[in-house]
$ cat structure.cif   # mmCIF, C-alpha atoms
data_coords
#
loop_
_atom_site.label_atom_id
_atom_site.label_comp_id
_atom_site.auth_asym_id
_atom_site.auth_seq_id
_atom_site.Cartn_x
_atom_site.Cartn_y
_atom_site.Cartn_z
CA MET A 55 11.36 -15.29 -11.76
CA VAL A 56 9.67 -11.93 -11.36
CA ASP A 57 8.46 -10.24 -14.55
CA ARG A 58 10.58 -7.12 -14.04
CA PRO A 59 8.89 -4.88 -16.63
CA ARG A 60 5.49 -5.57 -15.02
CA LEU A 61 6.93 -5.04 -11.55
CA ASP A 62 8.49 -1.73 -12.62
CA GLN A 63 5.16 -0.66 -14.10
CA LEU A 64 3.32 -1.42 -10.86
CA VAL A 65 5.97 0.31 -8.73
CA ALA A 66 5.70 3.41 -10.93
CA LEU A 67 1.92 3.35 -10.53
CA LEU A 68 2.34 3.10 -6.76
CA ALA A 69 4.77 6.04 -6.78
CA GLY A 70 2.23 8.14 -8.67
CA TYR A 71 -0.49 7.45 -6.12
CA VAL A 72 1.88 8.22 -3.25
CA ARG A 73 2.86 11.51 -4.92
CA ILE A 74 -0.80 12.55 -4.93
CA LEU A 75 -1.19 11.50 -1.29
CA ARG A 76 1.92 13.47 -0.32
CA ALA A 77 0.38 16.58 -1.88
CA LEU A 78 -2.69 16.10 0.34
CA ALA A 79 -0.74 15.29 3.52
CA PRO A 80 0.27 18.86 4.50
CA ILE A 81 -3.29 20.16 4.41
CA PRO A 82 -4.18 21.11 7.99
CA LEU A 83 -6.66 18.73 9.62
CA ALA A 84 -9.46 21.30 9.90
CA GLU A 85 -9.18 22.19 6.22
CA PHE A 86 -8.77 18.52 5.24
CA THR A 87 -11.95 17.45 7.05
CA ALA A 88 -13.97 20.53 6.02
CA ASP A 89 -13.72 19.76 2.30
CA PRO A 90 -14.91 16.33 1.16
CA ARG A 91 -12.80 16.71 -1.98
CA ASN A 92 -9.70 16.49 0.21
CA TYR A 93 -10.55 13.39 2.17
CA GLY A 94 -12.47 11.81 -0.71
CA SER A 95 -9.40 12.10 -2.91
CA ALA A 96 -7.17 10.85 -0.12
CA GLU A 97 -9.41 7.85 0.52
CA ARG A 98 -9.46 6.87 -3.14
CA PHE A 99 -5.73 7.27 -3.75
CA LEU A 100 -4.95 5.50 -0.48
CA GLN A 101 -7.12 2.61 -1.62
CA LEU A 102 -5.35 2.53 -4.98
CA ALA A 103 -1.92 2.62 -3.33
CA ILE A 104 -2.80 -0.26 -1.02
CA GLU A 105 -4.38 -2.24 -3.88
CA THR A 106 -1.19 -1.74 -5.88
CA THR A 107 0.98 -3.14 -3.08
CA LEU A 108 -1.32 -6.15 -2.97
CA SER A 109 -1.11 -6.57 -6.74
CA ILE A 110 2.67 -6.36 -6.54
CA GLY A 111 2.66 -8.93 -3.76
CA HIS A 112 0.47 -11.36 -5.66
CA HIS A 113 2.59 -10.85 -8.77
CA VAL A 114 5.87 -11.59 -7.01
CA LEU A 115 4.47 -14.58 -5.12
CA ALA A 116 2.95 -16.12 -8.25
CA ASP A 117 5.99 -15.51 -10.45
CA ASP A 118 8.33 -17.08 -7.92
CA GLY A 119 6.04 -20.04 -7.19
CA PHE A 120 5.34 -19.16 -3.56
CA ALA A 121 2.12 -20.07 -1.77
CA GLN A 122 -0.77 -17.83 -2.66
CA PRO A 123 -2.26 -15.97 0.31
CA ARG A 124 -5.87 -16.58 1.30
CA SER A 125 -6.53 -12.99 2.34
CA HIS A 126 -5.26 -9.51 1.63
CA ALA A 127 -3.58 -9.29 5.03
CA GLU A 128 -1.81 -12.58 4.39
CA VAL A 129 -0.11 -11.15 1.27
CA TYR A 130 2.28 -9.15 3.44
CA ALA A 131 2.83 -12.09 5.82
CA VAL A 132 3.79 -14.43 2.97
CA LEU A 133 6.07 -11.78 1.49
CA GLY A 134 7.77 -11.52 4.87
CA ARG A 135 8.02 -15.27 5.30
CA GLU A 136 9.56 -15.70 1.83
CA GLY A 137 12.14 -12.97 2.31
CA VAL A 138 10.63 -10.48 -0.10
CA LEU A 139 9.89 -8.09 2.76
CA GLU A 140 11.67 -7.84 6.08
CA PRO A 141 9.44 -9.83 8.47
CA ALA A 142 9.11 -6.96 10.96
CA PHE A 143 8.09 -4.58 8.19
CA ALA A 144 5.61 -7.14 6.83
CA ALA A 145 3.93 -7.09 10.24
CA GLU A 146 3.99 -3.27 10.33
CA ILE A 147 2.32 -2.88 6.93
CA THR A 148 -0.38 -5.53 7.51
CA PRO A 149 -2.88 -2.99 8.92
CA MET A 150 -2.92 -1.41 5.45
CA ALA A 151 -4.78 -4.49 4.20
CA ARG A 152 -7.44 -3.93 6.84
CA MET A 153 -7.61 -0.27 5.86
CA ARG A 154 -8.14 -1.33 2.25
CA SER A 155 -11.07 -3.49 3.32
CA ARG A 156 -12.57 -0.59 5.25
CA LEU A 157 -12.15 1.75 2.28
CA VAL A 158 -13.85 -0.73 -0.03
CA HIS A 159 -16.51 -2.30 2.17
CA HIS A 160 -17.12 0.06 5.11
CA TYR A 161 -16.48 3.41 3.48
CA GLU A 162 -19.31 5.03 5.42
CA ASP A 163 -17.47 4.40 8.72
CA ILE A 164 -14.12 5.92 7.83
CA ALA A 165 -13.20 9.02 9.76
CA ALA A 166 -11.47 11.68 7.69
CA GLU A 167 -9.20 12.23 10.70
CA ARG A 168 -7.94 8.64 10.44
CA VAL A 169 -7.14 9.08 6.76
CA HIS A 170 -5.32 12.31 7.57
CA GLU A 171 -3.32 10.51 10.26
CA ILE A 172 -2.25 7.83 7.77
CA LEU A 173 -1.14 10.53 5.33
CA ALA A 174 0.90 12.16 8.08
CA THR A 175 2.50 9.01 9.45
CA ARG A 176 2.43 6.04 7.08
CA LEU A 177 3.16 7.12 3.51
CA GLY A 178 6.77 6.08 3.95
CA ASP A 179 5.52 2.49 4.22
CA PHE A 180 4.78 2.53 0.51
CA ASP A 181 8.33 3.63 -0.28
CA ARG A 182 9.76 0.95 2.01
CA PHE A 183 7.52 -1.66 0.42
CA ALA A 184 8.62 -0.74 -3.11
CA GLY A 185 12.28 -0.59 -2.11
CA GLN A 186 12.24 -3.99 -0.46
CA VAL A 187 10.37 -5.64 -3.33
CA LEU A 188 12.75 -4.14 -5.90
CA ARG A 189 15.77 -5.28 -3.88
CA TYR A 190 14.29 -8.77 -3.76
CA ALA A 191 13.74 -8.72 -7.55
CA ASP A 192 17.34 -7.60 -8.08
CA ARG A 193 18.60 -10.51 -5.96
CA SER A 194 16.52 -13.17 -7.69
#

$ encode --input "structure.cif" --output "structure tokens"
Amino acid sequence: MVDRPRLDQLVALLAGYVRILRALAPIPLAEFTADPRNYGSAERFLQLAIETTLSIGHHVLADDGFAQPRSHAEVYAVLGREGVLEPAFAAEITPMARMRSRLVHHYEDIAAERVHEILATRLGDFDRFAGQVLRYADRS
């Protein structure tokens, strides 16, 4: 059974990171890329948001006795397979795990434009993730 207070704490943390990212999202691309404080902040808070989804995933999988994933990308796949996430959404969010690896290990190769694009198009994924995980916790 999922430790609901811990899950709620992690979901609140995720929401805080996403709030910061949403404040950065409307900055026009030229301004965003011209100031390293913009894209540096976005990179860091994006990394933290992704890491938090992975922590939530590991937490839910461990608490409910599901198989532990062997990679970050597999976290979402296992969540989809076990009915925590909708399988189609699990596939859609999987690239976030690869983005996390790039942010952590290949930070010198990340284009500020790519980060800006994620802010403009993918922040809703974090809300969907949290909503689906909380619905799962409510059912179990």

$ closest_residue --input "structure.cif" --among "A:Gln101, A:Gln63, A:Thr175, A:Ser95" --to "His159 in chain A" --atoms "only C-alpha atoms"
A:Gln101

$ resolve_selection --input "structure.cif" --expression "the PyMOL selection byres ((chain A and resi 166) around 8)" --output "PyMOL selection string"
chain A and resi 86-87+93+164-165+167-170

$ residues_around --input "structure.cif" --residues "Arg73 in chain A" --least-positions-apart "3" --cutoff "12 Å" --atoms "all atoms listed in the file" --output "list in words"
Ala66, Leu67, Leu68, Ala69, Gly70, Arg76, Ala77, Leu78, Ala79, Ala96, Phe99, Leu100, Ala103, Leu173, Leu177, Gly178, Phe180 and Asp181 of chain A

$ residues_near_point --input "structure.cif" --point "(9.1, -4.6, -14.2)" --cutoff "12 Å" --atoms "all atoms listed in the file" --output "ChimeraX atom specification"
/A:55-67,110,113-114,117,184,187-188,191-192

$ residues_around --input "structure.cif" --residues "Gly137 in chain A" --least-positions-apart "5" --cutoff "12 Å" --atoms "only C-alpha atoms" --output "CSV table (one decimal) with C-alpha atoms, in the coordinates of the input"
chain,number,residue,atom,x,y,z
A,111,GLY,CA,2.7,-8.9,-3.8
A,114,VAL,CA,5.9,-11.6,-7.0
A,115,LEU,CA,4.5,-14.6,-5.1
A,118,ASP,CA,8.3,-17.1,-7.9
A,120,PHE,CA,5.3,-19.2,-3.6
A,130,TYR,CA,2.3,-9.2,3.4
A,131,ALA,CA,2.8,-12.1,5.8
A,132,VAL,CA,3.8,-14.4,3.0
A,142,ALA,CA,9.1,-7.0,11.0
A,143,PHE,CA,8.1,-4.6,8.2
A,144,ALA,CA,5.6,-7.1,6.8
A,186,GLN,CA,12.2,-4.0,-0.5
A,187,VAL,CA,10.4,-5.6,-3.3
A,189,ARG,CA,15.8,-5.3,-3.9
A,190,TYR,CA,14.3,-8.8,-3.8
A,191,ALA,CA,13.7,-8.7,-7.6
A,193,ARG,CA,18.6,-10.5,-6.0
A,194,SER,CA,16.5,-13.2,-7.7

$ closest_residue --input "structure.cif" --among "A:Ala116, A:Leu75, A:Ser109, A:Ala127" --to "Arg152 in chain A" --atoms "all atoms listed in the file"
A:Ala127

$ atom_distance --input "structure.cif" --atom1 "CA of Pro82 in chain A" --atom2 "CA of Gly94 in chain A"
15.2 Å

$ atom_distance --input "structure.cif" --atom1 "CA of Ala88 in chain A" --atom2 "CA of Thr148 in chain A"
29.4 Å

$ decode --input "structure.cif" --residues "range 89-175 of chain A" --atoms "C-alpha atoms" --output "CSV table (one decimal), in the first residue's frame"
chain,number,residue,atom,x,y,z
A,89,ASP,CA,20.1,35.1,-20.5
A,90,PRO,CA,21.7,32.0,-19.0
A,91,ARG,CA,19.8,32.6,-15.8
A,92,ASN,CA,16.6,31.8,-17.6
A,93,TYR,CA,17.6,28.5,-19.2
A,94,GLY,CA,19.9,27.6,-16.4
A,95,SER,CA,17.0,27.8,-14.0
A,96,ALA,CA,14.7,26.0,-16.4
A,97,GLU,CA,17.2,23.2,-16.8
A,98,ARG,CA,17.6,22.7,-13.1
A,99,PHE,CA,13.9,22.8,-12.2
A,100,LEU,CA,13.1,20.6,-15.2
A,101,GLN,CA,15.7,18.1,-13.8
A,102,LEU,CA,14.2,18.3,-10.4
A,103,ALA,CA,10.6,17.8,-11.7
A,104,ILE,CA,11.7,14.8,-13.7
A,105,GLU,CA,13.6,13.3,-10.8
A,106,THR,CA,10.6,13.8,-8.6
A,107,THR,CA,8.4,11.8,-11.0
A,108,LEU,CA,11.0,9.1,-10.9
A,109,SER,CA,11.1,9.1,-7.1
A,110,ILE,CA,7.3,9.0,-7.0
A,111,GLY,CA,7.4,6.0,-9.4
A,112,HIS,CA,9.9,4.1,-7.4
A,113,HIS,CA,8.0,4.8,-4.3
A,114,VAL,CA,4.7,3.5,-5.6
A,115,LEU,CA,6.3,0.5,-7.2
A,116,ALA,CA,8.2,-0.5,-4.1
A,117,ASP,CA,5.3,0.1,-1.7
A,118,ASP,CA,2.9,-2.0,-3.8
A,119,GLY,CA,5.5,-4.8,-4.4
A,120,PHE,CA,5.8,-4.3,-8.1
A,121,ALA,CA,9.0,-5.2,-10.0
A,122,GLN,CA,11.7,-2.5,-9.7
A,123,PRO,CA,12.7,-1.0,-13.0
A,124,ARG,CA,16.3,-1.3,-14.2
A,125,SER,CA,16.5,2.1,-15.7
A,126,HIS,CA,14.9,5.5,-15.4
A,127,ALA,CA,13.0,5.1,-18.6
A,128,GLU,CA,11.6,1.8,-17.4
A,129,VAL,CA,10.0,3.4,-14.4
A,130,TYR,CA,7.3,4.9,-16.6
A,131,ALA,CA,6.9,1.6,-18.5
A,132,VAL,CA,6.4,-0.4,-15.3
A,133,LEU,CA,3.9,2.2,-14.0
A,134,GLY,CA,2.0,1.8,-17.2
A,135,ARG,CA,2.1,-2.0,-17.1
A,136,GLU,CA,0.9,-2.1,-13.5
A,137,GLY,CA,-2.0,0.3,-14.1
A,138,VAL,CA,-0.6,3.2,-12.2
A,139,LEU,CA,-0.3,5.3,-15.4
A,140,GLU,CA,-2.4,4.9,-18.6
A,141,PRO,CA,-0.1,2.8,-20.9
A,142,ALA,CA,-0.3,5.4,-23.7
A,143,PHE,CA,0.7,8.2,-21.4
A,144,ALA,CA,3.5,6.1,-19.9
A,145,ALA,CA,4.9,5.8,-23.4
A,146,GLU,CA,4.5,9.6,-24.0
A,147,ILE,CA,6.3,10.6,-20.8
A,148,THR,CA,9.2,8.2,-21.3
A,149,PRO,CA,11.3,10.7,-23.2
A,150,MET,CA,11.4,12.8,-20.0
A,151,ALA,CA,13.7,10.1,-18.5
A,152,ARG,CA,16.1,10.5,-21.4
A,153,MET,CA,16.0,14.3,-20.9
A,154,ARG,CA,16.8,13.8,-17.3
A,155,SER,CA,19.9,11.8,-18.3
A,156,ARG,CA,20.9,14.5,-20.7
A,157,LEU,CA,20.5,17.2,-18.0
A,158,VAL,CA,22.6,15.2,-15.6
A,159,HIS,CA,25.3,13.7,-17.7
A,160,HIS,CA,25.4,15.6,-21.0
A,161,TYR,CA,24.5,19.1,-19.8
A,162,GLU,CA,27.0,20.7,-22.1
A,163,ASP,CA,25.0,19.5,-25.1
A,164,ILE,CA,21.6,20.8,-24.2
A,165,ALA,CA,20.2,23.5,-26.4
A,166,ALA,CA,18.3,26.2,-24.6
A,167,GLU,CA,15.8,26.1,-27.4
A,168,ARG,CA,15.0,22.5,-26.6
A,169,VAL,CA,14.4,23.3,-22.9
A,170,HIS,CA,12.2,26.2,-24.0
A,171,GLU,CA,10.2,23.9,-26.3
A,172,ILE,CA,9.6,21.5,-23.4
A,173,LEU,CA,8.4,24.4,-21.2
A,174,ALA,CA,6.0,25.4,-24.0
A,175,THR,CA,4.7,22.0,-24.8
